Amino acid sequence: MKSDWLALLPYLILAAGGTLVFCLGAVGGKRPGLSRVLYLMALLAALAAGAAVLATPPGALVLGGMLDSSAFAKFFIFLLGAVTAGVLLFGYRYSQVRGFAGDEYYGVLLFAALGMCLVSAAAHWLIFFLGLELFSLALYLLIAAPKGRAGANEAAIKYFIMGAVASAVLTFGLALLYAITGTLEIRDSLGAIQQSADLAGGLLALGLILVGVGFKLSFAPFHLWTPDVYQGAPAPVTAFLTAGSKVALFAALSRFCLYLSPVAWYYCWPALWIMAAATMITGNLTAIYQTQVKRLLAYSSIGQMGYLLMALLAIKQGALPALVFYLVVYSAMDLGAFSLIGALSDAGEDRDNLEDFRGLGYSRPWWAAVLTICLISLAGLPPTGGFLGKLLLFKAVFQGGYLGLGLIGILTVIISIFAYLKIGVALYLRPATAAEPLPRPGFSAGFASILVFLLIFWLGIAPAPLMDYLFRLASFFAWLS
């Protein structure tokens, strides 16, 4: 049907864009200026996918009931398109200087975005699994994109080996769930886990699925890969990994929790409670001991996942708007923080040690200011979007009845401020170690940094338009909770 093809348009644009980039790269070889053309094509594909979402009206399930085309799914596809465009803008100069700008980088990036969009809109376990594996395989390649870099190769191998194990566990969980419920429809299978002889098997299947998804989201105790991979990967790829994949998987997790039967939820929420508390405590406490900025931000992102998981517990009590709002804020501030590390780095390794940031607040005032705003937002301080996002999260958690977990979250937020202050002190309160040539991040990264700066402030000062839309969006799922 025509409506089905219109609903599939964002996915087709990303797939066609990635394929065209690969084909032009294969035909063009090493021609001068080709990498710039490929970059513009990839950027256009990401923007066109987001524009296609706005141009098509929301509908019901498409592709034989396997893919959701509602306003909820379209919102996340638009957000993921924006994140992909941001990564391309921030990473253009970075990839040019380091010699991996080409069809492999830009094409794989588009296919990773396609996988993330499929995960966020999946209504069928097969689509969810294919999307998850598509963006996972693409990220393995992107992490190892800088050829000859030992740190990047090591990070890619670690992520690949551990990711393969997590995917195997997830696959077994999906197979067990299908054997028990007899369907691969996400809503029907999760709703079919009732009080019966198959309840134990259904809970085991859910546990295995949670292990696989928890690895990708860096939930404790499945988080140990995160600091090593984030440190070794190129900074723009790290930004894409921490922003794009986490947004897509939390969109999927929101569906899972809303679809889950009351009986299964009764047995699952204590495990999620413990995991949320452990993730917040582990991430924020470990971050304050780090002396390398990428590892510090990696543990910080683990803590952020704990806050989102905490809100996920209250999703049946109306926490969905707060959760989605914080995902938007999180994608902006983590994308900005990791990308700016790359923008402030030279052609060698990424600027990583705290000492490497000494005095940059004076030698690179704009870039240091945007990085500082991202850190302030991550810490949850006003007047940024991170402050309002955390305020909404904790309000939803307390209204949902999870008082103890909310108090743990507040304590970890206070602890995390010290970790972010370490970077701020290095930027502004210490003189530079020595005069050194500083990189020129380029126009694309400068434009992206302005957008991140404005978005973080806008979400903290005037969030009403987005929140009104999210409350209307949440009404789509109100009958499920």
# chains A, B, ... in the order shown; residues from 1 in each chain; ligands from 1
>>> residues_around(residues="A:Ile180", least_positions_apart="2", cutoff="10 Å", atoms="only C-alpha atoms", output="PyMOL selection string")
chain A and resi 174-178+182-183+189+192-193+198-199+201-202+205
>>> write_last_selection(atoms="all heavy atoms", output="JSON list (two decimals), in the first residue's frame")
[["chain", "number", "residue", "atom", "x", "y", "z"],
["A", 174, "LEU", "N", 15.08, -14.79, 23.35],
["A", 174, "LEU", "CA", 14.00, -14.61, 22.38],
["A", 174, "LEU", "C", 13.44, -15.96, 21.93],
["A", 174, "LEU", "O", 12.22, -16.12, 21.77],
["A", 174, "LEU", "CB", 14.50, -13.83, 21.17],
["A", 174, "LEU", "CG", 14.93, -12.37, 21.43],
["A", 174, "LEU", "CD1", 15.41, -11.72, 20.15],
["A", 174, "LEU", "CD2", 13.79, -11.57, 22.02],
["A", 175, "ALA", "N", 14.34, -16.93, 21.72],
["A", 175, "ALA", "CA", 13.88, -18.26, 21.32],
["A", 175, "ALA", "C", 13.03, -18.90, 22.41],
["A", 175, "ALA", "O", 11.99, -19.53, 22.13],
["A", 175, "ALA", "CB", 15.08, -19.14, 20.99],
["A", 176, "LEU", "N", 13.46, -18.75, 23.66],
["A", 176, "LEU", "CA", 12.70, -19.32, 24.78],
["A", 176, "LEU", "C", 11.34, -18.63, 24.90],
["A", 176, "LEU", "O", 10.31, -19.30, 25.15],
["A", 176, "LEU", "CB", 13.50, -19.18, 26.07],
["A", 176, "LEU", "CG", 12.90, -19.77, 27.34],
["A", 176, "LEU", "CD1", 12.67, -21.27, 27.17],
["A", 176, "LEU", "CD2", 13.82, -19.50, 28.53],
["A", 177, "LEU", "N", 11.31, -17.32, 24.73],
["A", 177, "LEU", "CA", 10.05, -16.59, 24.81],
["A", 177, "LEU", "C", 9.09, -17.04, 23.70],
["A", 177, "LEU", "O", 7.89, -17.20, 23.93],
["A", 177, "LEU", "CB", 10.31, -15.09, 24.72],
["A", 177, "LEU", "CG", 9.10, -14.17, 24.91],
["A", 177, "LEU", "CD1", 8.54, -14.30, 26.31],
["A", 177, "LEU", "CD2", 9.48, -12.71, 24.64],
["A", 178, "TYR", "N", 9.62, -17.25, 22.51],
["A", 178, "TYR", "CA", 8.78, -17.73, 21.40],
["A", 178, "TYR", "C", 8.26, -19.14, 21.67],
["A", 178, "TYR", "O", 7.09, -19.45, 21.39],
["A", 178, "TYR", "CB", 9.59, -17.72, 20.10],
["A", 178, "TYR", "CG", 8.86, -18.34, 18.94],
["A", 178, "TYR", "CD1", 7.76, -17.72, 18.38],
["A", 178, "TYR", "CD2", 9.30, -19.55, 18.40],
["A", 178, "TYR", "CE1", 7.08, -18.29, 17.31],
["A", 178, "TYR", "CE2", 8.63, -20.13, 17.33],
["A", 178, "TYR", "CZ", 7.54, -19.49, 16.79],
["A", 178, "TYR", "OH", 6.87, -20.07, 15.74],
["A", 182, "GLY", "N", 4.49, -18.70, 21.72],
["A", 182, "GLY", "CA", 4.05, -19.06, 20.38],
["A", 182, "GLY", "C", 3.91, -17.90, 19.42],
["A", 182, "GLY", "O", 3.30, -18.03, 18.36],
["A", 183, "THR", "N", 4.48, -16.74, 19.75],
["A", 183, "THR", "CA", 4.40, -15.58, 18.87],
["A", 183, "THR", "C", 5.67, -14.76, 18.99],
["A", 183, "THR", "O", 6.32, -14.75, 20.04],
["A", 183, "THR", "CB", 3.19, -14.70, 19.21],
["A", 183, "THR", "OG1", 3.18, -13.56, 18.35],
["A", 183, "THR", "CG2", 3.23, -14.24, 20.65],
["A", 189, "SER", "N", 3.61, -11.29, 22.87],
["A", 189, "SER", "CA", 4.46, -12.22, 23.61],
["A", 189, "SER", "C", 4.67, -11.75, 25.05],
["A", 189, "SER", "O", 4.63, -12.55, 25.99],
["A", 189, "SER", "CB", 5.80, -12.39, 22.90],
["A", 189, "SER", "OG", 6.49, -11.16, 22.83],
["A", 192, "ALA", "N", 1.55, -12.18, 27.13],
["A", 192, "ALA", "CA", 1.10, -13.56, 27.33],
["A", 192, "ALA", "C", 1.77, -14.23, 28.52],
["A", 192, "ALA", "O", 1.42, -15.37, 28.85],
["A", 192, "ALA", "CB", 1.38, -14.38, 26.07],
["A", 193, "ILE", "N", 2.73, -13.56, 29.15],
["A", 193, "ILE", "CA", 3.40, -14.15, 30.32],
["A", 193, "ILE", "C", 2.49, -13.96, 31.52],
["A", 193, "ILE", "O", 2.47, -12.90, 32.16],
["A", 193, "ILE", "CB", 4.78, -13.51, 30.55],
["A", 193, "ILE", "CG1", 5.64, -13.65, 29.29],
["A", 193, "ILE", "CG2", 5.48, -14.16, 31.73],
["A", 193, "ILE", "CD1", 6.97, -12.94, 29.39],
["A", 198, "ASP", "N", 3.98, -21.95, 32.70],
["A", 198, "ASP", "CA", 5.06, -21.40, 31.89],
["A", 198, "ASP", "C", 5.62, -20.09, 32.45],
["A", 198, "ASP", "O", 6.46, -19.46, 31.80],
["A", 198, "ASP", "CB", 4.54, -21.13, 30.47],
["A", 198, "ASP", "CG", 4.20, -22.43, 29.73],
["A", 198, "ASP", "OD1", 4.83, -23.45, 30.04],
["A", 198, "ASP", "OD2", 3.29, -22.39, 28.88],
["A", 199, "LEU", "N", 5.16, -19.67, 33.63],
["A", 199, "LEU", "CA", 5.61, -18.40, 34.17],
["A", 199, "LEU", "C", 7.11, -18.41, 34.43],
["A", 199, "LEU", "O", 7.81, -17.44, 34.10],
["A", 199, "LEU", "CB", 4.86, -18.08, 35.46],
["A", 199, "LEU", "CG", 5.27, -16.79, 36.17],
["A", 199, "LEU", "CD1", 5.04, -15.58, 35.27],
["A", 199, "LEU", "CD2", 4.52, -16.62, 37.49],
["A", 201, "GLY", "N", 9.47, -20.17, 32.97],
["A", 201, "GLY", "CA", 10.18, -20.09, 31.70],
["A", 201, "GLY", "C", 10.10, -18.71, 31.09],
["A", 201, "GLY", "O", 11.08, -18.21, 30.52],
["A", 202, "GLY", "N", 8.95, -18.05, 31.20],
["A", 202, "GLY", "CA", 8.80, -16.71, 30.68],
["A", 202, "GLY", "C", 9.70, -15.71, 31.41],
["A", 202, "GLY", "O", 10.31, -14.83, 30.79],
["A", 205, "ALA", "N", 13.22, -16.21, 30.24],
["A", 205, "ALA", "CA", 13.40, -15.57, 28.93],
["A", 205, "ALA", "C", 13.57, -14.06, 29.09],
["A", 205, "ALA", "O", 14.45, -13.46, 28.45],
["A", 205, "ALA", "CB", 12.21, -15.88, 28.03]]
>>> closest_atom_pairs(of="stretch 250-269 of chain A", to="stretch 300-315 of chain A", cutoff="9 Å", atoms="only C-alpha atoms", output="Markdown table")
| residue | atom | partner | partner_atom | distance |
| --- | --- | --- | --- | --- |
| A:Phe250 | CA | A:Leu308 | CA | 8.3 |
| A:Leu253 | CA | A:Leu312 | CA | 8.1 |
| A:Ser254 | CA | A:Leu312 | CA | 6.9 |
| A:Cys257 | CA | A:Ile315 | CA | 7.4 |
| A:Leu258 | CA | A:Ile315 | CA | 7.2 |
| A:Trp269 | CA | A:Leu313 | CA | 6.7 |
>>> residues_around(residues="A:Ala239", least_positions_apart="6", cutoff="10 Å", atoms="only C-alpha atoms", output="PyMOL selection string")
chain A and resi 83-84+86-87+90-91+230+233+245+331-342
>>> write_last_selection(atoms="all heavy atoms", output="compact mmCIF listing (two decimals), in the first residue's frame")
# COMPACT_ATOMS: atom_id res chain seq x y z
N VAL A 83 20.76 13.11 15.71
CA VAL A 83 22.01 12.66 16.33
C VAL A 83 23.02 12.26 15.26
O VAL A 83 24.21 12.61 15.34
CB VAL A 83 21.73 11.49 17.30
CG1 VAL A 83 23.04 10.83 17.74
CG2 VAL A 83 20.95 11.96 18.51
N THR A 84 22.56 11.54 14.24
CA THR A 84 23.46 11.13 13.16
C THR A 84 24.03 12.34 12.43
O THR A 84 25.24 12.39 12.14
CB THR A 84 22.71 10.23 12.17
OG1 THR A 84 22.12 9.13 12.87
CG2 THR A 84 23.66 9.70 11.10
N GLY A 86 24.42 15.30 13.71
CA GLY A 86 25.36 15.93 14.62
C GLY A 86 26.71 15.23 14.63
O GLY A 86 27.77 15.89 14.66
N VAL A 87 26.71 13.91 14.62
CA VAL A 87 27.96 13.15 14.59
C VAL A 87 28.72 13.45 13.29
O VAL A 87 29.95 13.62 13.31
CB VAL A 87 27.68 11.64 14.72
CG1 VAL A 87 28.94 10.82 14.47
CG2 VAL A 87 27.14 11.34 16.10
N PHE A 90 30.22 17.08 13.61
CA PHE A 90 31.35 17.12 14.53
C PHE A 90 32.54 16.32 13.99
O PHE A 90 33.70 16.67 14.24
CB PHE A 90 30.95 16.56 15.90
CG PHE A 90 30.36 17.57 16.83
CD1 PHE A 90 29.06 17.44 17.29
CD2 PHE A 90 31.11 18.65 17.28
CE1 PHE A 90 28.51 18.36 18.17
CE2 PHE A 90 30.57 19.59 18.15
CZ PHE A 90 29.27 19.44 18.60
N GLY A 91 32.27 15.22 13.30
CA GLY A 91 33.34 14.32 12.91
C GLY A 91 33.97 14.58 11.56
O GLY A 91 34.91 13.87 11.19
N TYR A 230 34.96 3.20 25.16
CA TYR A 230 34.81 4.64 24.98
C TYR A 230 36.17 5.33 24.87
O TYR A 230 36.31 6.30 24.12
CB TYR A 230 34.03 5.24 26.16
CG TYR A 230 32.54 5.04 26.10
CD1 TYR A 230 31.98 3.98 25.39
CD2 TYR A 230 31.67 5.89 26.77
CE1 TYR A 230 30.62 3.79 25.36
CE2 TYR A 230 30.29 5.70 26.74
CZ TYR A 230 29.78 4.65 26.03
OH TYR A 230 28.43 4.45 26.01
N ALA A 233 37.84 4.24 21.26
CA ALA A 233 37.15 4.61 20.03
C ALA A 233 37.40 6.06 19.67
O ALA A 233 37.68 6.90 20.54
CB ALA A 233 35.64 4.37 20.20
N SER A 245 22.81 4.77 20.20
CA SER A 245 22.39 3.42 20.58
C SER A 245 21.57 3.42 21.86
O SER A 245 20.61 2.65 22.01
CB SER A 245 23.62 2.51 20.74
OG SER A 245 24.44 2.94 21.80
N SER A 331 21.01 12.94 24.83
CA SER A 331 21.63 12.82 23.52
C SER A 331 22.39 14.09 23.15
O SER A 331 23.47 14.03 22.56
CB SER A 331 20.58 12.50 22.45
OG SER A 331 19.63 13.54 22.35
N ALA A 332 21.86 15.26 23.53
CA ALA A 332 22.53 16.53 23.21
C ALA A 332 23.80 16.70 24.04
O ALA A 332 24.87 17.04 23.50
CB ALA A 332 21.58 17.70 23.45
N MET A 333 23.72 16.46 25.35
CA MET A 333 24.88 16.76 26.20
C MET A 333 25.99 15.71 26.05
O MET A 333 27.17 16.06 26.09
CB MET A 333 24.47 16.92 27.66
CG MET A 333 23.74 15.79 28.28
SD MET A 333 22.96 16.29 29.84
CE MET A 333 22.27 14.73 30.41
N ASP A 334 25.65 14.44 25.84
CA ASP A 334 26.71 13.45 25.65
C ASP A 334 27.32 13.55 24.25
O ASP A 334 28.53 13.38 24.09
CB ASP A 334 26.15 12.04 25.88
CG ASP A 334 26.72 11.41 27.13
OD1 ASP A 334 26.93 12.17 28.11
OD2 ASP A 334 26.98 10.19 27.16
N LEU A 335 26.49 13.84 23.25
CA LEU A 335 27.01 14.08 21.91
C LEU A 335 27.99 15.25 21.93
O LEU A 335 29.08 15.18 21.34
CB LEU A 335 25.86 14.36 20.95
CG LEU A 335 26.23 14.80 19.53
CD1 LEU A 335 26.97 13.69 18.80
CD2 LEU A 335 24.98 15.20 18.75
N GLY A 336 27.62 16.33 22.61
CA GLY A 336 28.49 17.48 22.68
C GLY A 336 29.77 17.22 23.45
O GLY A 336 30.87 17.58 23.00
N ALA A 337 29.67 16.55 24.60
CA ALA A 337 30.84 16.35 25.44
C ALA A 337 31.90 15.50 24.74
O ALA A 337 33.08 15.87 24.68
CB ALA A 337 30.42 15.70 26.77
N PHE A 338 31.51 14.36 24.20
CA PHE A 338 32.50 13.49 23.55
C PHE A 338 33.00 14.09 22.24
O PHE A 338 34.19 13.97 21.92
CB PHE A 338 31.90 12.11 23.31
CG PHE A 338 31.88 11.23 24.53
CD1 PHE A 338 30.71 11.00 25.21
CD2 PHE A 338 33.04 10.64 24.99
CE1 PHE A 338 30.69 10.20 26.34
CE2 PHE A 338 33.04 9.83 26.11
CZ PHE A 338 31.87 9.61 26.79
N SER A 339 32.12 14.73 21.48
CA SER A 339 32.55 15.32 20.21
C SER A 339 33.51 16.47 20.42
O SER A 339 34.45 16.67 19.64
CB SER A 339 31.34 15.78 19.41
OG SER A 339 30.51 14.70 19.08
N LEU A 340 33.31 17.24 21.49
CA LEU A 340 34.20 18.37 21.75
C LEU A 340 35.59 17.92 22.18
O LEU A 340 36.57 18.62 21.96
CB LEU A 340 33.58 19.29 22.81
CG LEU A 340 32.41 20.13 22.28
CD1 LEU A 340 31.62 20.73 23.42
CD2 LEU A 340 32.93 21.23 21.35
N ILE A 341 35.68 16.75 22.79
CA ILE A 341 37.00 16.19 23.07
C ILE A 341 37.76 15.99 21.77
O ILE A 341 38.95 16.31 21.64
CB ILE A 341 36.88 14.87 23.85
CG1 ILE A 341 36.35 15.14 25.25
CG2 ILE A 341 38.22 14.16 23.92
CD1 ILE A 341 36.09 13.87 26.05
N GLY A 342 37.06 15.45 20.76
CA GLY A 342 37.69 15.30 19.46
C GLY A 342 38.02 16.63 18.80
O GLY A 342 39.07 16.77 18.18
>>> closest_residue(among="A:Leu43, A:Ala243, A:Ile161, A:Leu8", to="A:Ser444", atoms="only C-alpha atoms")
A:Leu43
>>> select_by_dssp(residues="stretch 434-474 of chain A", states="alpha helix (DSSP H)", output="PDB file with N, CA and C atoms, in the first residue's frame")
ATOM      1  N   PHE A 443      34.402  24.525  10.276  1.00  0.00           N
ATOM      2  CA  PHE A 443      33.081  25.155  10.268  1.00  0.00           C
ATOM      3  C   PHE A 443      31.988  24.194  10.709  1.00  0.00           C
ATOM      4  N   SER A 444      32.022  22.948  10.230  1.00  0.00           N
ATOM      5  CA  SER A 444      30.971  21.982  10.547  1.00  0.00           C
ATOM      6  C   SER A 444      30.865  21.754  12.049  1.00  0.00           C
ATOM      7  N   ALA A 445      32.019  21.517  12.692  1.00  0.00           N
ATOM      8  CA  ALA A 445      32.009  21.300  14.137  1.00  0.00           C
ATOM      9  C   ALA A 445      31.573  22.564  14.868  1.00  0.00           C
ATOM     10  N   GLY A 446      31.979  23.730  14.367  1.00  0.00           N
ATOM     11  CA  GLY A 446      31.551  24.975  14.993  1.00  0.00           C
ATOM     12  C   GLY A 446      30.046  25.171  14.926  1.00  0.00           C
ATOM     13  N   PHE A 447      29.460  24.865  13.776  1.00  0.00           N
ATOM     14  CA  PHE A 447      28.013  24.972  13.627  1.00  0.00           C
ATOM     15  C   PHE A 447      27.296  23.992  14.555  1.00  0.00           C
ATOM     16  N   ALA A 448      27.801  22.752  14.642  1.00  0.00           N
ATOM     17  CA  ALA A 448      27.195  21.754  15.526  1.00  0.00           C
ATOM     18  C   ALA A 448      27.304  22.165  16.985  1.00  0.00           C
ATOM     19  N   SER A 449      28.429  22.774  17.360  1.00  0.00           N
ATOM     20  CA  SER A 449      28.599  23.194  18.754  1.00  0.00           C
ATOM     21  C   SER A 449      27.610  24.295  19.124  1.00  0.00           C
ATOM     22  N   ILE A 450      27.314  25.184  18.184  1.00  0.00           N
ATOM     23  CA  ILE A 450      26.305  26.228  18.435  1.00  0.00           C
ATOM     24  C   ILE A 450      24.934  25.595  18.659  1.00  0.00           C
ATOM     25  N   LEU A 451      24.583  24.601  17.841  1.00  0.00           N
ATOM     26  CA  LEU A 451      23.293  23.930  17.988  1.00  0.00           C
ATOM     27  C   LEU A 451      23.185  23.232  19.342  1.00  0.00           C
ATOM     28  N   VAL A 452      24.253  22.540  19.752  1.00  0.00           N
ATOM     29  CA  VAL A 452      24.236  21.855  21.049  1.00  0.00           C
ATOM     30  C   VAL A 452      24.096  22.862  22.179  1.00  0.00           C
ATOM     31  N   PHE A 453      24.853  23.946  22.097  1.00  0.00           N
ATOM     32  CA  PHE A 453      24.811  24.992  23.116  1.00  0.00           C
ATOM     33  C   PHE A 453      23.390  25.553  23.263  1.00  0.00           C
ATOM     34  N   LEU A 454      22.763  25.896  22.139  1.00  0.00           N
ATOM     35  CA  LEU A 454      21.422  26.474  22.176  1.00  0.00           C
ATOM     36  C   LEU A 454      20.381  25.455  22.647  1.00  0.00           C
ATOM     37  N   LEU A 455      20.520  24.210  22.210  1.00  0.00           N
ATOM     38  CA  LEU A 455      19.542  23.189  22.583  1.00  0.00           C
ATOM     39  C   LEU A 455      19.559  22.918  24.079  1.00  0.00           C
ATOM     40  N   ILE A 456      20.744  22.826  24.660  1.00  0.00           N
ATOM     41  CA  ILE A 456      20.831  22.543  26.097  1.00  0.00           C
ATOM     42  C   ILE A 456      20.208  23.687  26.901  1.00  0.00           C
ATOM     43  N   PHE A 457      20.451  24.927  26.483  1.00  0.00           N
ATOM     44  CA  PHE A 457      19.849  26.060  27.193  1.00  0.00           C
ATOM     45  C   PHE A 457      18.348  26.144  26.932  1.00  0.00           C
ATOM     46  N   TRP A 458      17.935  25.898  25.705  1.00  0.00           N
ATOM     47  CA  TRP A 458      16.508  25.979  25.386  1.00  0.00           C
ATOM     48  C   TRP A 458      15.707  24.949  26.168  1.00  0.00           C
ATOM     49  N   LEU A 459      16.222  23.732  26.279  1.00  0.00           N
ATOM     50  CA  LEU A 459      15.519  22.698  27.030  1.00  0.00           C
ATOM     51  C   LEU A 459      15.488  22.994  28.526  1.00  0.00           C
ATOM     52  N   GLY A 460      16.419  23.808  29.004  1.00  0.00           N
ATOM     53  CA  GLY A 460      16.423  24.169  30.417  1.00  0.00           C
ATOM     54  C   GLY A 460      15.585  25.391  30.732  1.00  0.00           C
ATOM     55  N   ILE A 461      15.383  26.260  29.762  1.00  0.00           N
ATOM     56  CA  ILE A 461      14.687  27.525  30.005  1.00  0.00           C
ATOM     57  C   ILE A 461      13.257  27.509  29.471  1.00  0.00           C
ATOM     58  N   ALA A 464       8.502  23.966  27.561  1.00  0.00           N
ATOM     59  CA  ALA A 464       7.062  23.726  27.469  1.00  0.00           C
ATOM     60  C   ALA A 464       6.618  23.145  26.126  1.00  0.00           C
ATOM     61  N   PRO A 465       7.085  23.659  24.968  1.00  0.00           N
ATOM     62  CA  PRO A 465       6.616  23.065  23.699  1.00  0.00           C
ATOM     63  C   PRO A 465       6.937  21.577  23.578  1.00  0.00           C
ATOM     64  N   LEU A 466       8.170  21.190  23.940  1.00  0.00           N
ATOM     65  CA  LEU A 466       8.541  19.781  23.848  1.00  0.00           C
ATOM     66  C   LEU A 466       7.764  18.939  24.847  1.00  0.00           C
ATOM     67  N   MET A 467       7.601  19.428  26.069  1.00  0.00           N
ATOM     68  CA  MET A 467       6.882  18.656  27.082  1.00  0.00           C
ATOM     69  C   MET A 467       5.416  18.487  26.710  1.00  0.00           C
ATOM     70  N   ASP A 468       4.794  19.526  26.167  1.00  0.00           N
ATOM     71  CA  ASP A 468       3.398  19.402  25.733  1.00  0.00           C
ATOM     72  C   ASP A 468       3.261  18.320  24.669  1.00  0.00           C
ATOM     73  N   TYR A 469       4.203  18.300  23.743  1.00  0.00           N
ATOM     74  CA  TYR A 469       4.164  17.278  22.694  1.00  0.00           C
ATOM     75  C   TYR A 469       4.380  15.883  23.281  1.00  0.00           C
ATOM     76  N   LEU A 470       5.282  15.763  24.245  1.00  0.00           N
ATOM     77  CA  LEU A 470       5.565  14.452  24.834  1.00  0.00           C
ATOM     78  C   LEU A 470       4.386  13.932  25.640  1.00  0.00           C
ATOM     79  N   PHE A 471       3.654  14.813  26.291  1.00  0.00           N
ATOM     80  CA  PHE A 471       2.461  14.364  27.019  1.00  0.00           C
ATOM     81  C   PHE A 471       1.396  13.862  26.042  1.00  0.00           C
ATOM     82  N   ARG A 472       1.274  14.518  24.898  1.00  0.00           N
ATOM     83  CA  ARG A 472       0.346  14.021  23.887  1.00  0.00           C
ATOM     84  C   ARG A 472       0.823  12.692  23.319  1.00  0.00           C
ATOM     85  N   LEU A 473       2.138  12.575  23.183  1.00  0.00           N
ATOM     86  CA  LEU A 473       2.727  11.339  22.681  1.00  0.00           C
ATOM     87  C   LEU A 473       2.483  10.186  23.644  1.00  0.00           C
ATOM     88  N   ALA A 474       2.595  10.471  24.932  1.00  0.00           N
ATOM     89  CA  ALA A 474       2.422   9.426  25.945  1.00  0.00           C
ATOM     90  C   ALA A 474       1.000   8.896  25.971  1.00  0.00           C
TER      91      ALA A 474
END
>>> select_by_dssp(residues="stretch 44-275 of chain A", states="strand (DSSP E or B)", output="list in words")
Leu61, Val62, Leu67, Asp68, Ala122, His124 and Glu185 of chain A
>>> residues_around(residues="A:Ile376", least_positions_apart="2", cutoff="10 Å", atoms="only C-alpha atoms", output="list in words")
Met333, Val370, Leu371, Thr372, Ile373, Cys374, Leu378, Ala379, Gly380, Leu381, Pro382, Pro383, Thr384, Gly385, Gly386, Phe387, Ile417, Tyr420, Leu421, Gly424 and Ile456 of chain A
>>> atom_distance(atom1="atom CA of A:Val328", atom2="atom CA of A:Val247")
8.1 Å
>>> decode(residues="stretch 413-417 of chain A", atoms="all heavy atoms", output="short mmCIF file (atom, residue, chain, number, x, y, z; two decimals), in the first residue's frame")
data_model
loop_
_atom_site.label_atom_id
_atom_site.label_comp_id
_atom_site.auth_asym_id
_atom_site.auth_seq_id
_atom_site.Cartn_x
_atom_site.Cartn_y
_atom_site.Cartn_z
N VAL A 413 23.66 11.97 42.27
CA VAL A 413 23.77 13.22 41.51
C VAL A 413 24.72 14.18 42.22
O VAL A 413 25.57 14.82 41.58
CB VAL A 413 22.38 13.86 41.32
CG1 VAL A 413 22.52 15.29 40.79
CG2 VAL A 413 21.54 13.03 40.36
N ILE A 414 24.58 14.28 43.52
CA ILE A 414 25.47 15.17 44.30
C ILE A 414 26.92 14.71 44.18
O ILE A 414 27.84 15.52 44.01
CB ILE A 414 25.02 15.21 45.78
CG1 ILE A 414 23.62 15.82 45.88
CG2 ILE A 414 26.01 15.99 46.62
CD1 ILE A 414 23.00 15.71 47.25
N ILE A 415 27.13 13.40 44.26
CA ILE A 415 28.49 12.86 44.14
C ILE A 415 29.07 13.15 42.75
O ILE A 415 30.26 13.48 42.61
CB ILE A 415 28.48 11.34 44.42
CG1 ILE A 415 28.14 11.08 45.89
CG2 ILE A 415 29.82 10.70 44.06
CD1 ILE A 415 27.91 9.62 46.21
N SER A 416 28.24 13.05 41.73
CA SER A 416 28.73 13.20 40.35
C SER A 416 29.23 14.61 40.07
O SER A 416 30.07 14.80 39.18
CB SER A 416 27.63 12.84 39.36
OG SER A 416 26.61 13.83 39.35
N ILE A 417 28.74 15.60 40.80
CA ILE A 417 29.16 16.98 40.55
C ILE A 417 30.66 17.12 40.71
O ILE A 417 31.32 17.86 39.95
CB ILE A 417 28.40 17.94 41.49
CG1 ILE A 417 26.90 17.93 41.14
CG2 ILE A 417 28.94 19.35 41.38
CD1 ILE A 417 26.05 18.74 42.10
#
